[in-house]
Structure formats: C-alpha cells, structure tokens
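Undergrad: One structure, as structure tokens, below. Some questions next.
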Amino acid sequence: MALGDDIFGIHGKALELRSQRLGLLASNIANAATPGFKARDIDFKTALADAERTGETTGTAAENNLLYRVPLQPSLDGNTVELNTEQTQFAENAVQYQTTLSFLNGRIGTLTRALRGE
Amino acid sequence: MTQPLNVFTVAGRAMSAQLLRLNTNASNLANAGSTATTAAGAYRAIKPVFRTSYDNATGLATVDVERVVSAGPAATKRHDPGNPLANADGDVFVSAVDETQELVEMMETSRQYQNNVEVMNTAKTLVLDTLKLGK
C-alpha cells in the first residue's frame with residue numbers, strides 16, 4: 001500500500017476512476033453522430049470496490065468493469081449514444097469529481113494544520 | 001495515431017469533425033438550385049463520413065472524418081431554353097439539394113458542436129481545480 005493510500009483513503013482511487021469515466025463519457029458525446037458507435041461506461045461502484053479489494057490499479061479495475069450502454073430507444077444506424085443520458089451522466093460525474101476534490105482538500109488541510117501544530 | 005488521447009483531444013477532434021460537417025451543410029445550401037449544362041457537371045450534395053478512432057492505451061474514442069463523399073439524388077432536368085446554360089435541347093440540370101434536410105442537419109451539427117465545447121469547458125474547470133489541490 002502506497003503512502004498516498006494511507007493519507008487519502010479511498011478518495012485517491014475515486015478521483016482516478018472519476019477522471020477515467022470523464023474521458024469515456026466525453027468519447028460517447030464525441031461520437032454522438034457516428035453510425036454504429038456503441039456507447040460505453042464504467043460501473044463505478046464495482047470498479048472502485050474491485051480496486052480497493054484486490055489492490056489492482058484503477059486502470060485495470062476500470063477496464064474490467066467497462067460495460068456497453070443499453071439504449072432506451074435503439075436508432076436505425078446502430079449508434080447507441082443517447083445525448084440526454086450521456087449529458088446527465090457527464091454532469092453528475094463532474095459534480096462527483098469536484099466532491100472528491102473537496103474531500104481531498106479537506107484531508108490535505110487537516111494534515112497541514114497538524115504539521116504546523118496550530 | 002501516436003499521441004495517446006485525452007479528454008481535450010477527444011472533444012477537439014470531435015469539434016473539427018462537426019465543423020467539417022457544418023461546412024458541407026453550408027456548401028450544399030449555397031449550391032441549392034444551381035444549374036449546369038450537363039448532368040455530370042451539376043452540383044451534388046456532399047456528406048462527410050464519420051469514423052470512430054479508438055485509442056487502446058486509454059480506452060478513449062474520438063471521431064474523425066474519413067472522407068467526404070458526393071451523395072444525394074442526381075440533378076433534375078428542366079426544360080429552360082432561355083437559360084444561358086441550356087444545352088442543345090434547351091434543357092438545364094438543376095442540383096437536387098434537399099434544403100430542409102440540410103437545415104435540420106445544420107441544427108443538429110451545431111448542437112453537437114456545442115456539446116463538445118461544453119465537455120471541454122467542464123474538463124478544463126476540473127483540471128484547473130485539481131491543480132489547485134491543497135491550496
């Protein structure tokens with residue numbers, strides 16, 4: 001276990017996974033008009049649990065939990081990107097990323113105060 | 001593809017692709033109803049062919065324009081002897097651009113361009129916030 005894991009707990013890995021999910025959702029939005037493109041997403045909960053339990057890197061955990069999106073209404077050209085779904089997920093993920101950042105900031109603040117002896 | 005993809009290249013290349021699509025829309029609309037002497041010389045609507053570009057290293061995917069093709073219906077023949085471009089039979093060939101379809105596609109293109117701009121803005125904010133970590 002790295003020093004970073006001791007200090008930041010689950011939030012370090014969570015931030016990495018959030019960042020990977022951000023890229024994946026951006027890929028889906030980028031391919032909204034590409035015929036035959038299949039939208040993908042990470043099962044965040046399971047991926048984070050796997051990374052915590054097995055100690056594997058978040059990259060491996062994300063790859064193992066990479067799933068295809070099931071469209072609500074399939075389109076004729078085989079594209080499974082539904083912009084309303086992707087935009088909601090993207091916004092949600094961005095907010096969650098910022099939440100994780102504030103957890104990390106809080107932890108850093110605590111440690112800094114402890115080091116200064118305030 | 002040598003450089004690994006990141007969120008900014010994904011959104012950036014998608015924006016380029018959508019911009020090219022917008023350019024083809026503009027060309028098609030500008031040439032709607034233009035006439036020519038021969039059927040082959042008449043303007044035919046052009047369309048970009050989008051292709052997903054995968055990056056195995058990061059699992060990300062962006063979109064590129066593979067090529068631009070001439071698609072759409074062939075020009076329609078119209079009898080118009082007064083037209084300076086009319087051939088020996090007094091016919092001209094009018095380009096058959098579906099203006100309604102082009103306008104709808106233009107709206108869709110601009111929406112998708114905006115989506116990618118939004119993605120890039122959000123990613124920028126998050127990266128800048130991450131840089132300020134601990135400050």
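Each chain in the structure tokens gets a letter, A, B and so on, in the order shown; residues start at 1 in every chain, and ligands are counted from 1 in the order they appear.
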Excluding Glu99 in chain B and its own-chain neighbours fewer than 2 positions away, which residues fall within 10 Å of it when counting only C-alpha atoms? Please give them as a list in words.
TA: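 Answer for this query is Asn25, Asn28, Leu29, Ala30, Asn31, Ala32, Gly33, Ala96, Val97, Gln101, Glu102, Leu103, Val104 and Glu105 of chain B.
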Undergrad: Only C-alpha atoms, please: the residues just picked out, written as a PDB file, in the first residue's frame.
TA:
```
ATOM      1  CA  ASN B  25     -24.001  21.812 -44.997  1.00  0.00           C
ATOM      2  CA  ASN B  28     -24.845  22.240 -50.036  1.00  0.00           C
ATOM      3  CA  LEU B  29     -27.164  25.099 -49.095  1.00  0.00           C
ATOM      4  CA  ALA B  30     -25.144  27.594 -51.110  1.00  0.00           C
ATOM      5  CA  ASN B  31     -25.372  25.390 -54.194  1.00  0.00           C
ATOM      6  CA  ALA B  32     -29.026  24.508 -53.823  1.00  0.00           C
ATOM      7  CA  GLY B  33     -30.823  25.128 -57.080  1.00  0.00           C
ATOM      8  CA  ALA B  96     -31.298  18.455 -56.232  1.00  0.00           C
ATOM      9  CA  VAL B  97     -30.216  19.567 -52.757  1.00  0.00           C
ATOM     10  CA  GLN B 101     -32.763  18.159 -44.664  1.00  0.00           C
ATOM     11  CA  GLU B 102     -29.656  20.338 -44.819  1.00  0.00           C
ATOM     12  CA  LEU B 103     -31.135  22.897 -42.428  1.00  0.00           C
ATOM     13  CA  VAL B 104     -32.168  20.215 -39.941  1.00  0.00           C
ATOM     14  CA  GLU B 105     -28.719  18.652 -40.147  1.00  0.00           C
TER      15      GLU B 105
END
```
Undergrad: Using DSSP secondary structure from the backbone, list all strand (DSSP E or B) positions within chain A, as a ChimeraX atom specification.
TA: /A:40-42,66-68
Undergrad: Any chance you could list, as an MDAnalysis selection string, the residues in chain B that come up helix (DSSP H, G or I) when DSSP is run on the backbone?
TA: chainID B and resid 7:30 99:131
Undergrad: Counting only C-alpha atoms, collect the residues of chain B whose closest atom lies at most 9 Å from chain A, and write them out as a ChimeraX atom specification.
TA: /B:6-8,10-15,18,49-52,58-63,109,112-113,115-116,119-120,122-123,126,129-130,133-135
Undergrad: Kindly indicate which residue among B:Thr38, B:Thr24, B:Ser16, B:Asn121 lies nearest to Ala86 in chain B, using only C-alpha atoms for the distances.
TA: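 Using only C-alpha atoms, the shortest distance to Ala86 in chain B belongs to B:Thr38.
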Undergrad: Please provide the set of residues having any atom within 8 Å of Asn87 in chain B, restricted to only C-alpha atoms, with same-chain residues fewer than 3 positions apart removed, written as a list in words.
TA: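 Within the cut-off, the hits are Thr37, Thr38, Gly90, Asp91 and Val92 of chain B.
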Undergrad: Counting only C-alpha atoms, which of A:Gln96, A:Leu72, A:Ile7, A:Lys13 gets nearest to Ala51 in chain A?
TA: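 For Ala51 in chain A, the nearest of the candidates is A:Lys13.
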Undergrad: Which is closest to Gly55 in chain A among A:Glu86, A:Ile10, A:Arg18, A:Arg113, if we use only C-alpha atoms?
TA: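 Going through A:Glu86, A:Ile10, A:Arg18, A:Arg113 one by one, the smallest distance to Gly55 in chain A is for A:Ile10.
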Undergrad: Could you jot down the CA of Asn56 in chain B to CA of Ala17 in chain B separation for me, Å, one decimal place?
TA: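 Distance between the two atoms: 20.9 Å.
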Undergrad: So how far away is CA of Leu17 in chain A from CA of Ala47 in chain A, in Å?
TA: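 So the answer is 8.0 Å.
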Undergrad: What gap, in Å, lies between CA of Asp43 in chain A and CA of Phe8 in chain A?
TA: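 Spanning CA of Asp43 in chain A to CA of Phe8 in chain A is a straight-line distance of 22.0 Å.
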